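Participant: entry-v6.cif is reproduced below (mmCIF, C-alpha atoms).
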data_coords
loop_
_atom_site.label_atom_id
_atom_site.label_comp_id
_atom_site.auth_asym_id
_atom_site.auth_seq_id
_atom_site.Cartn_x
_atom_site.Cartn_y
_atom_site.Cartn_z
CA MET P 1 -40.56 -64.81 64.13
CA GLU P 2 -37.43 -65.18 66.23
CA ALA P 3 -37.06 -68.82 65.19
CA LEU P 4 -37.35 -67.84 61.53
CA ARG P 5 -34.69 -65.20 62.03
CA ILE P 6 -32.37 -67.90 63.39
CA VAL P 7 -33.08 -70.19 60.40
CA ILE P 8 -32.27 -67.35 57.97
CA ASP P 9 -29.06 -66.59 59.83
CA VAL P 10 -28.07 -70.27 59.77
CA PHE P 11 -28.47 -70.37 55.98
CA ILE P 12 -26.40 -67.24 55.53
CA GLY P 13 -23.83 -68.54 58.01
CA ILE P 14 -23.47 -71.80 56.05
CA SER P 15 -23.02 -69.78 52.91
CA VAL P 16 -20.34 -67.59 54.48
CA PHE P 17 -18.49 -70.65 55.76
CA PHE P 18 -18.38 -72.31 52.34
CA ALA P 19 -17.37 -69.07 50.63
CA PHE P 20 -14.55 -68.77 53.15
CA ALA P 21 -13.45 -72.37 52.55
CA GLY P 22 -13.56 -71.76 48.81
CA VAL P 23 -11.36 -68.66 49.05
CA VAL P 24 -8.86 -70.44 51.30
CA GLY P 25 -8.82 -73.30 48.79
CA MET P 26 -8.27 -70.93 45.88
CA LEU P 27 -5.23 -69.49 47.63
CA ARG P 28 -3.77 -72.80 48.79
CA MET P 29 -4.45 -75.25 45.95
CA PRO P 30 -1.38 -76.14 43.85
CA ASP P 31 -2.55 -75.50 40.26
CA ALA P 32 -5.20 -73.79 38.15
CA PHE P 33 -7.56 -76.76 37.83
CA CYS P 34 -7.60 -77.48 41.55
CA ARG P 35 -8.27 -73.80 42.21
CA MET P 36 -11.28 -74.05 39.94
CA GLN P 37 -12.49 -77.05 41.91
CA SER P 38 -12.30 -75.03 45.09
CA SER P 39 -14.07 -72.05 43.53
CA THR P 40 -17.04 -74.34 42.79
CA ASN P 41 -17.54 -74.35 46.56
CA ILE P 42 -18.31 -70.62 46.41
CA SER P 43 -20.51 -70.87 43.36
CA THR P 44 -22.74 -73.64 44.73
CA LEU P 45 -23.45 -73.64 48.45
CA GLY P 46 -21.89 -70.20 48.89
CA VAL P 47 -24.45 -68.64 46.59
CA LEU P 48 -27.39 -70.96 47.27
CA GLY P 49 -27.26 -70.34 51.03
CA VAL P 50 -27.54 -66.58 50.55
CA ILE P 51 -30.34 -67.02 48.00
CA ILE P 52 -32.36 -69.36 50.25
CA GLY P 53 -31.86 -67.03 53.19
CA GLY P 54 -32.93 -64.10 51.05
CA ILE P 55 -36.04 -65.92 49.82
CA LEU P 56 -37.10 -66.75 53.38
CA HIS P 57 -36.41 -63.19 54.52
CA SER P 58 -38.34 -61.54 51.71
CA LEU P 59 -41.26 -64.00 51.94
CA PHE P 60 -41.88 -64.02 55.68
CA ILE P 61 -40.32 -60.84 57.06
CA LEU P 62 -40.64 -58.32 54.23
CA GLY P 63 -43.78 -59.98 52.84
CA ASP P 64 -42.66 -59.30 49.26
CA SER P 65 -43.30 -62.51 47.31
CA ALA P 66 -42.41 -60.99 43.90
CA PHE P 67 -38.92 -60.33 45.20
CA ALA P 68 -38.67 -63.91 46.49
CA ILE P 69 -39.63 -65.28 43.07
CA LYS P 70 -37.01 -63.09 41.41
CA LEU P 71 -34.39 -64.41 43.82
CA GLY P 72 -35.44 -67.97 42.96
CA ILE P 73 -35.07 -67.22 39.24
CA MET P 74 -31.60 -65.81 39.93
CA GLY P 75 -30.68 -69.02 41.71
CA ILE P 76 -31.95 -71.18 38.85
CA PHE P 77 -30.05 -69.16 36.23
CA TYR P 78 -26.93 -69.26 38.36
CA ILE P 79 -27.14 -73.05 38.76
CA VAL P 80 -27.78 -73.56 35.04
CA THR P 81 -25.03 -71.26 33.73
CA SER P 82 -22.12 -71.58 36.15
CA PRO P 83 -21.15 -75.20 35.25
CA ILE P 84 -21.04 -74.28 31.55
CA ALA P 85 -18.64 -71.44 32.28
CA GLY P 86 -16.52 -73.70 34.50
CA HIS P 87 -16.38 -76.39 31.83
CA ALA P 88 -15.43 -73.87 29.13
CA ILE P 89 -12.69 -72.32 31.25
CA ALA P 90 -11.21 -75.71 32.20
CA LYS P 91 -11.27 -77.02 28.63
CA GLY P 92 -9.92 -73.77 27.19
CA ALA P 93 -7.10 -73.62 29.73
CA TYR P 94 -6.10 -77.22 29.09
CA ARG P 95 -6.18 -76.84 25.30
CA HIS P 96 -4.18 -73.64 25.48
CA GLY P 97 -1.40 -75.52 27.25
CA VAL P 98 -1.92 -74.78 30.94
CA ARG P 99 -0.43 -77.70 32.89
CA PRO P 100 0.18 -78.12 36.63
CA ASP P 101 3.77 -77.86 37.87
CA LYS P 102 3.57 -81.20 39.57
CA LYS P 103 2.62 -83.90 37.08
CA MET P 104 -0.94 -85.16 37.45
CA SER P 105 -1.20 -88.74 38.68
CA VAL P 106 -3.26 -89.69 35.64
CA ASP P 107 -4.00 -87.64 32.53
CA LYS P 108 -6.26 -89.55 30.15
CA TYR P 109 -7.32 -86.35 28.38
CA GLY P 110 -3.76 -85.39 27.43
CA GLU P 111 -3.13 -88.92 26.11
CA ASP P 112 -6.21 -88.85 23.90
CA LEU P 113 -5.99 -85.19 22.92
CA VAL P 114 -2.90 -85.58 20.71
CA GLU P 115 -4.78 -87.60 18.07
CA ASP P 116 -7.94 -85.55 18.55
CA LEU P 117 -6.46 -82.09 17.87
CA PRO P 118 -6.77 -80.79 14.31
CA GLN P 119 -3.28 -80.85 12.82
CA GLU P 120 -3.07 -77.18 11.79
CA THR P 121 -3.65 -75.90 15.33
CA VAL P 122 -0.56 -77.58 16.77
CA PRO P 123 2.14 -75.41 15.09
CA ASP P 124 0.22 -72.23 15.98
CA ALA P 125 0.23 -73.11 19.66
CA VAL P 126 3.98 -73.77 19.51
CA GLU P 127 4.63 -70.43 17.76
CA GLU P 128 2.64 -68.57 20.37
CA GLU P 129 4.64 -70.13 23.14
CA VAL P 130 7.93 -69.19 21.44
CA SER P 131 6.90 -65.58 20.81
CA ALA P 132 5.54 -65.21 24.33
CA MET V 1 -31.07 -75.18 9.04
CA LYS V 2 -33.97 -76.87 10.74
CA LYS V 3 -37.59 -76.17 9.96
CA ILE V 4 -39.63 -74.24 12.50
CA SER V 5 -42.14 -76.58 14.13
CA PHE V 6 -45.27 -75.39 15.91
CA PRO V 7 -44.82 -77.37 19.21
CA ALA V 8 -41.27 -76.08 19.56
CA VAL V 9 -42.39 -72.46 19.08
CA LEU V 10 -45.29 -72.95 21.48
CA SER V 11 -43.19 -74.46 24.26
CA THR V 12 -40.49 -71.79 23.91
CA ALA V 13 -43.13 -69.04 23.92
CA VAL V 14 -44.80 -70.46 27.04
CA LEU V 15 -41.46 -70.55 28.86
CA MET V 16 -40.60 -67.00 27.78
CA PHE V 17 -44.04 -65.79 28.87
CA LEU V 18 -43.57 -67.38 32.30
CA PHE V 19 -40.22 -65.61 32.68
CA TRP V 20 -41.84 -62.34 31.60
CA MET V 21 -44.56 -62.73 34.23
CA VAL V 22 -41.99 -63.52 36.91
CA ILE V 23 -39.63 -60.68 36.06
CA THR V 24 -42.35 -58.04 35.76
CA GLY V 25 -44.01 -59.31 38.95
CA GLN V 26 -47.33 -60.02 37.18
CA ILE V 27 -47.40 -63.59 38.47
CA VAL V 28 -48.10 -62.21 41.96
CA SER V 29 -50.50 -59.51 40.74
CA ILE V 30 -52.70 -62.12 39.01
CA PHE V 31 -53.45 -63.80 42.34
CA ARG V 32 -54.38 -60.44 43.82
CA GLY V 33 -56.59 -59.67 40.79
CA GLU V 34 -54.70 -56.54 39.78
CA ALA V 35 -52.83 -57.75 36.71
CA SER V 36 -52.27 -55.21 33.95
CA TRP V 37 -53.60 -56.37 30.59
CA GLN V 38 -51.23 -54.09 28.70
CA VAL V 39 -48.19 -55.71 30.29
CA LEU V 40 -49.55 -59.22 29.68
CA THR V 41 -50.35 -58.51 26.01
CA ALA V 42 -46.96 -56.95 25.35
CA GLY V 43 -45.29 -59.94 27.00
CA GLY V 44 -47.36 -62.38 24.95
CA ILE V 45 -46.45 -60.72 21.64
CA VAL V 46 -42.76 -60.54 22.51
CA SER V 47 -42.64 -64.14 23.70
CA ILE V 48 -44.26 -65.42 20.50
CA LEU V 49 -41.67 -63.48 18.46
CA VAL V 50 -38.83 -64.82 20.59
CA GLY V 51 -40.30 -68.32 20.26
CA LEU V 52 -40.31 -68.01 16.45
CA PHE V 53 -36.66 -66.99 16.34
CA ALA V 54 -35.16 -68.95 19.22
CA SER V 55 -37.02 -72.29 19.15
CA ARG V 56 -34.57 -73.92 16.75
CA PHE V 57 -31.66 -73.23 19.13
CA PHE V 58 -33.69 -74.16 22.17
CA ILE V 59 -35.61 -77.33 21.28
CA HIS V 60 -33.69 -80.13 19.58
CA GLU V 61 -35.96 -83.06 20.32
CA SER V 62 -39.62 -83.56 21.15
CA ALA V 63 -40.91 -80.24 22.50
CA PHE V 64 -43.26 -81.57 25.19
CA TYR V 65 -41.00 -84.42 26.30
CA LEU V 66 -41.09 -83.44 29.97
CA TRP V 67 -44.88 -82.91 29.82
CA ASN V 68 -45.47 -86.34 31.32
CA PRO V 69 -45.67 -87.14 35.06
CA ALA V 70 -43.47 -90.22 34.62
CA ARG V 71 -40.65 -87.91 33.53
CA PHE V 72 -41.50 -84.68 35.31
CA LEU V 73 -41.77 -86.16 38.82
CA PRO V 74 -38.34 -87.83 38.65
CA PHE V 75 -37.02 -84.51 37.29
CA LEU V 76 -38.36 -82.62 40.31
CA PHE V 77 -37.16 -85.36 42.67
CA TYR V 78 -33.70 -85.19 41.09
CA CYS V 79 -33.52 -81.39 41.27
CA PHE V 80 -34.72 -81.03 44.86
CA ILE V 81 -33.59 -84.21 46.65
CA ILE V 82 -31.02 -86.39 44.87
CA PHE V 83 -28.78 -83.65 43.50
CA PRO V 84 -28.71 -81.37 46.59
CA ILE V 85 -27.63 -84.34 48.74
CA GLU V 86 -24.71 -85.10 46.41
CA LEU V 87 -23.92 -81.38 46.25
CA ILE V 88 -23.73 -80.98 50.02
CA LYS V 89 -21.61 -84.13 50.44
CA ALA V 90 -19.14 -82.95 47.79
CA ASN V 91 -19.07 -79.41 49.19
CA VAL V 92 -18.21 -80.64 52.68
CA ASP V 93 -15.51 -82.91 51.24
CA VAL V 94 -13.80 -80.15 49.23
CA ALA V 95 -14.11 -77.60 52.05
CA ARG V 96 -12.46 -80.14 54.39
CA ARG V 97 -9.60 -80.63 51.92
CA ALA V 98 -9.09 -76.90 51.47
CA LEU V 99 -9.02 -76.19 55.22
CA SER V 100 -6.98 -79.21 56.32
CA PRO V 101 -3.33 -78.35 57.06
CA LYS V 102 -1.85 -81.12 54.89
CA LEU V 103 -3.91 -80.21 51.77
CA PRO V 104 -4.72 -83.81 50.77
CA VAL V 105 -5.18 -83.48 47.00
CA ASN V 106 -4.19 -85.88 44.23
CA PRO V 107 -5.44 -84.28 41.01
CA GLY V 108 -5.78 -86.06 37.71
CA ILE V 109 -7.96 -86.42 34.65
CA VAL V 110 -9.87 -89.69 34.35
CA LYS V 111 -12.01 -91.04 31.55
CA ILE V 112 -15.42 -92.46 32.48
CA PRO V 113 -18.03 -94.12 30.27
CA THR V 114 -21.65 -93.02 30.22
CA ASP V 115 -24.68 -94.89 28.94
CA LEU V 116 -26.87 -91.85 28.30
CA LYS V 117 -27.68 -91.39 24.63
CA SER V 118 -29.60 -88.11 24.25
CA GLU V 119 -27.99 -84.66 24.11
CA TYR V 120 -30.08 -83.40 27.01
CA GLY V 121 -29.19 -86.34 29.25
CA GLN V 122 -25.48 -86.06 28.51
CA SER V 123 -25.39 -82.33 29.09
CA MET V 124 -27.40 -82.66 32.29
CA LEU V 125 -25.00 -85.29 33.62
CA ALA V 126 -21.95 -83.25 32.55
CA ASN V 127 -23.30 -80.11 34.19
CA SER V 128 -24.23 -81.99 37.36
CA ILE V 129 -20.69 -83.37 37.55
CA THR V 130 -19.17 -79.91 37.00
CA LEU V 131 -21.46 -78.37 39.59
CA THR V 132 -20.38 -80.79 42.33
CA PRO V 133 -17.11 -79.48 43.79
CA GLY V 134 -14.17 -81.82 43.23
CA THR V 135 -15.02 -82.82 39.68
CA ILE V 136 -15.04 -80.80 36.43
CA THR V 137 -16.09 -82.19 33.07
CA MET V 138 -13.36 -81.34 30.55
CA ASP V 139 -14.81 -82.91 27.41
CA ILE V 140 -17.26 -85.44 26.01
CA ALA V 141 -16.08 -87.66 23.17
CA GLU V 142 -17.63 -90.57 21.34
CA GLU V 143 -15.39 -93.50 20.59
CA GLU V 144 -16.54 -96.73 18.90
CA GLY V 145 -20.16 -96.18 19.89
CA GLN V 146 -19.30 -95.58 23.57
CA THR V 147 -19.58 -92.03 24.92
CA ASN V 148 -16.81 -91.06 27.30
CA MET V 149 -16.36 -88.08 29.58
CA TYR V 150 -13.01 -86.67 30.65
CA ILE V 151 -13.26 -85.57 34.26
CA HIS V 152 -10.73 -83.54 36.22
CA TRP V 153 -10.91 -85.12 39.68
CA ILE V 154 -9.32 -83.52 42.73
CA ASP V 155 -8.64 -86.82 44.47
CA VAL V 156 -8.07 -89.67 42.04
CA ALA V 157 -9.00 -92.86 43.88
CA THR V 158 -8.81 -95.20 40.88
CA GLU V 159 -7.86 -94.99 37.20
CA GLU V 160 -10.18 -97.82 36.16
CA PRO V 161 -12.87 -96.18 33.96
CA VAL V 162 -15.87 -98.10 35.34
CA GLU V 163 -14.89 -97.82 39.01
CA ALA V 164 -14.03 -94.13 38.62
CA GLY V 165 -17.37 -93.66 36.87
CA ASN V 166 -19.25 -95.26 39.75
CA ALA V 167 -17.39 -93.10 42.26
CA ILE V 168 -18.01 -89.85 40.36
CA LYS V 169 -21.49 -90.38 38.99
CA GLY V 170 -22.91 -92.10 42.04
CA THR V 171 -26.68 -92.21 41.80
CA LEU V 172 -26.86 -89.25 39.42
CA GLU V 173 -26.72 -91.21 36.18
CA LYS V 174 -29.39 -93.67 37.26
CA TRP V 175 -31.83 -90.83 37.99
CA ILE V 176 -31.03 -88.89 34.83
CA GLY V 177 -31.56 -92.13 32.91
CA ARG V 178 -35.14 -92.16 34.17
CA ILE V 179 -35.75 -88.69 32.78
CA TRP V 180 -33.82 -88.68 29.50
CA LYS V 181 -32.73 -91.73 27.53
#
Would you mind giving the structure from this file in structure tokens?
Facilitator:
Amino acid sequence: MEALRIVIDVFIGISVFFAFAGVVGMLRMPDAFCRMQSSTNISTLGVLGVIIGGILHSLFILGDSAFAIKLGIMGIFYIVTSPIAGHAIAKGAYRHGVRPDKKMSVDKYGEDLVEDLPQETVPDAVEEEVSA
Amino acid sequence: MKKISFPAVLSTAVLMFLFWMVITGQIVSIFRGEASWQVLTAGGIVSILVGLFASRFFIHESAFYLWNPARFLPFLFYCFIIFPIELIKANVDVARRALSPKLPVNPGIVKIPTDLKSEYGQSMLANSITLTPGTITMDIAEEEGQTNMYIHWIDVATEEPVEAGNAIKGTLEKWIGRIWK
């Protein structure tokens, strides 16, 4: 039982470390997209470590397997939905005109986006920037 | 609007019923022999209704495509071995960058080709790439029969599409290609 306790604590410790690294990255990274990259640290190993630790704890120490299955389902939903949200935020931010202060070393999306954008959306975006 | 097909409704209903059993805790009670028939019947009716309405958003191709060991075993292997290894490597890399005093980042958006053809395969690859720290899929676009992905990469090593693709996708695309076309 003691050994299991240590394993659970190691999982939660890993998770805390990566959540810490993710927060430090969010504060230090230079622009919005890099901050999102760092926040993925929290949303992957930061969450998965806690969930695995929780599953082990509820299975072997509390003896509540229904709770462990629910935690597993939470983990699966989290893993399935969080990249979609990240993708939507990144794409939406870029299309709305968020750009890093320092120019990116290569920006293939911006080069191809100009032809790809529907023509009527371009003046709207400019007007919004002027009024803001 | 697509027609409602029976296999699509059935597979959606089975999945919904499994979720119902998990969330109500019946899946444990069944093994102990104390399952409540009222709860199971209610769940069955609701999952068939949900299957009727939701199957056309949920199933776009063959409904029992994964119901084949040659596809399901690689799927499990990918989910529990290949992808976690890539995930841990990328996590350690980004955590090291965030904590290092010099902050060694060189962000940029690269364009990489992908050979996957089906919707499911492309979305699985795009989501796997977004989920690994250091890379975010911005968009997927088709151009002259070749599907390209725009990836925001925290440390651009090369601008060459094929080389960048190999660096970002690693072994992921090969394994997804064994599951979906």
Participant: Taking the file as I've supplied it (selection: the PyMOL selection byres ((chain P and resi 71) around 10)), which residues are included? Please answer as an MDAnalysis selection string.
Facilitator: chainID P and resid 50:52 54:55 58 65:70 72:77
Participant: Each residue of stretch 28-68 of chain P with at least one atom at most 9 Å from stretch 88-112 of chain P should appear once, together with its nearest atom pair and the corresponding distance in Å (one decimal); atoms considered: all atoms listed in the file; ordering: chain, then increasing residue number; output as a Markdown table.
Facilitator:
| residue | atom | partner | partner_atom | distance |
| --- | --- | --- | --- | --- |
| P:Pro30 | CA | P:Pro100 | CA | 7.6 |
| P:Asp31 | CA | P:Pro100 | CA | 5.2 |
| P:Ala32 | CA | P:Pro100 | CA | 7.1 |
| P:Phe33 | CA | P:Ala90 | CA | 6.8 |
| P:Met36 | CA | P:Ala90 | CA | 7.9 |
Participant: At a cut-off of 9 Å, can you tabulate as a Markdown table every residue of stretch 28-87 of chain P near stretch 92-95 of chain V together with its closest atom pair and the distance in Å to one decimal, using only C-alpha atoms and ordering rows by chain then number?
Facilitator:
| residue | atom | partner | partner_atom | distance |
| --- | --- | --- | --- | --- |
| P:Gln37 | CA | V:Val94 | CA | 8.1 |
| P:Ser38 | CA | V:Val94 | CA | 6.8 |
| P:Asn41 | CA | V:Ala95 | CA | 7.2 |
Participant: Let me make sure I understand: among V:Ala157, V:Ile176, V:Ile136, V:Val39, which one has the smallest atom-to-atom distance to chain P if we use only C-alpha atoms?
Facilitator: V:Ile136
Participant: Using only C-alpha atoms, I'd like every residue of chain V that has an atom within 9 Å of chain P; please write them out as a VMD selection string.
Facilitator: chain V and resid 19 22 to 29 87 to 88 90 to 92 94 to 99 103 105 to 111 126 to 139 150 to 154 156 159
Participant: Separation of atom CA of V:Met149 and atom CA of V:Ile112, in Å?
Facilitator: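 Straight-line distance from atom CA of V:Met149 to atom CA of V:Ile112 works out to 5.3 Å.
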Participant: At what distance in Å, to one decimal, does atom CA of P:Leu62 lie from atom CA of P:Ile6?
Facilitator: 15.6 Å
Participant: So the first atom is atom CA of V:Arg56 and the second is atom CA of V:Ser118; what is the distance between them in Å, to one decimal place?
Facilitator: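 According to the coordinates, atom CA of V:Arg56 and atom CA of V:Ser118 are separated by 16.8 Å.
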Participant: Would you mind completing stretch 44-65 of chain P to N, CA and C atoms and writing the output as a compact mmCIF listing (two decimals), in the coordinates of the input?
Facilitator:
# COMPACT_ATOMS: atom_id res chain seq x y z
N THR P 44 -21.57 -72.82 44.47
CA THR P 44 -22.74 -73.64 44.73
C THR P 44 -23.35 -73.31 46.09
N LEU P 45 -22.82 -73.89 47.15
CA LEU P 45 -23.45 -73.64 48.45
C LEU P 45 -23.25 -72.21 48.91
N GLY P 46 -22.13 -71.58 48.49
CA GLY P 46 -21.89 -70.20 48.89
C GLY P 46 -22.97 -69.27 48.39
N VAL P 47 -23.42 -69.50 47.14
CA VAL P 47 -24.45 -68.64 46.59
C VAL P 47 -25.85 -69.11 47.01
N LEU P 48 -26.04 -70.44 46.98
CA LEU P 48 -27.39 -70.96 47.27
C LEU P 48 -27.83 -70.63 48.68
N GLY P 49 -26.90 -70.67 49.65
CA GLY P 49 -27.26 -70.34 51.03
C GLY P 49 -27.80 -68.93 51.13
N VAL P 50 -27.09 -67.98 50.50
CA VAL P 50 -27.54 -66.58 50.55
C VAL P 50 -28.90 -66.46 49.88
N ILE P 51 -29.08 -67.18 48.73
CA ILE P 51 -30.34 -67.02 48.00
C ILE P 51 -31.50 -67.61 48.81
N ILE P 52 -31.28 -68.78 49.45
CA ILE P 52 -32.36 -69.36 50.25
C ILE P 52 -32.69 -68.47 51.44
N GLY P 53 -31.63 -67.96 52.08
CA GLY P 53 -31.86 -67.03 53.19
C GLY P 53 -32.63 -65.81 52.74
N GLY P 54 -32.25 -65.28 51.57
CA GLY P 54 -32.93 -64.10 51.05
C GLY P 54 -34.38 -64.38 50.71
N ILE P 55 -34.65 -65.57 50.14
CA ILE P 55 -36.04 -65.92 49.82
C ILE P 55 -36.88 -65.97 51.09
N LEU P 56 -36.34 -66.65 52.13
CA LEU P 56 -37.10 -66.75 53.38
C LEU P 56 -37.34 -65.37 53.98
N HIS P 57 -36.28 -64.53 53.94
CA HIS P 57 -36.41 -63.19 54.52
C HIS P 57 -37.45 -62.37 53.79
N SER P 58 -37.40 -62.40 52.44
CA SER P 58 -38.34 -61.54 51.71
C SER P 58 -39.76 -62.09 51.79
N LEU P 59 -39.91 -63.43 51.86
CA LEU P 59 -41.26 -64.00 51.94
C LEU P 59 -41.91 -63.71 53.28
N PHE P 60 -41.21 -64.00 54.38
CA PHE P 60 -41.88 -64.02 55.68
C PHE P 60 -41.64 -62.76 56.50
N ILE P 61 -40.57 -62.03 56.25
CA ILE P 61 -40.32 -60.84 57.06
C ILE P 61 -40.69 -59.58 56.30
N LEU P 62 -40.24 -59.49 55.01
CA LEU P 62 -40.64 -58.32 54.23
C LEU P 62 -42.04 -58.48 53.64
N GLY P 63 -42.47 -59.75 53.44
CA GLY P 63 -43.78 -59.98 52.84
C GLY P 63 -43.84 -59.60 51.37
N ASP P 64 -42.73 -59.70 50.67
CA ASP P 64 -42.66 -59.30 49.26
C ASP P 64 -42.42 -60.55 48.42
N SER P 65 -43.51 -61.22 47.97
CA SER P 65 -43.30 -62.51 47.31
C SER P 65 -42.73 -62.34 45.91
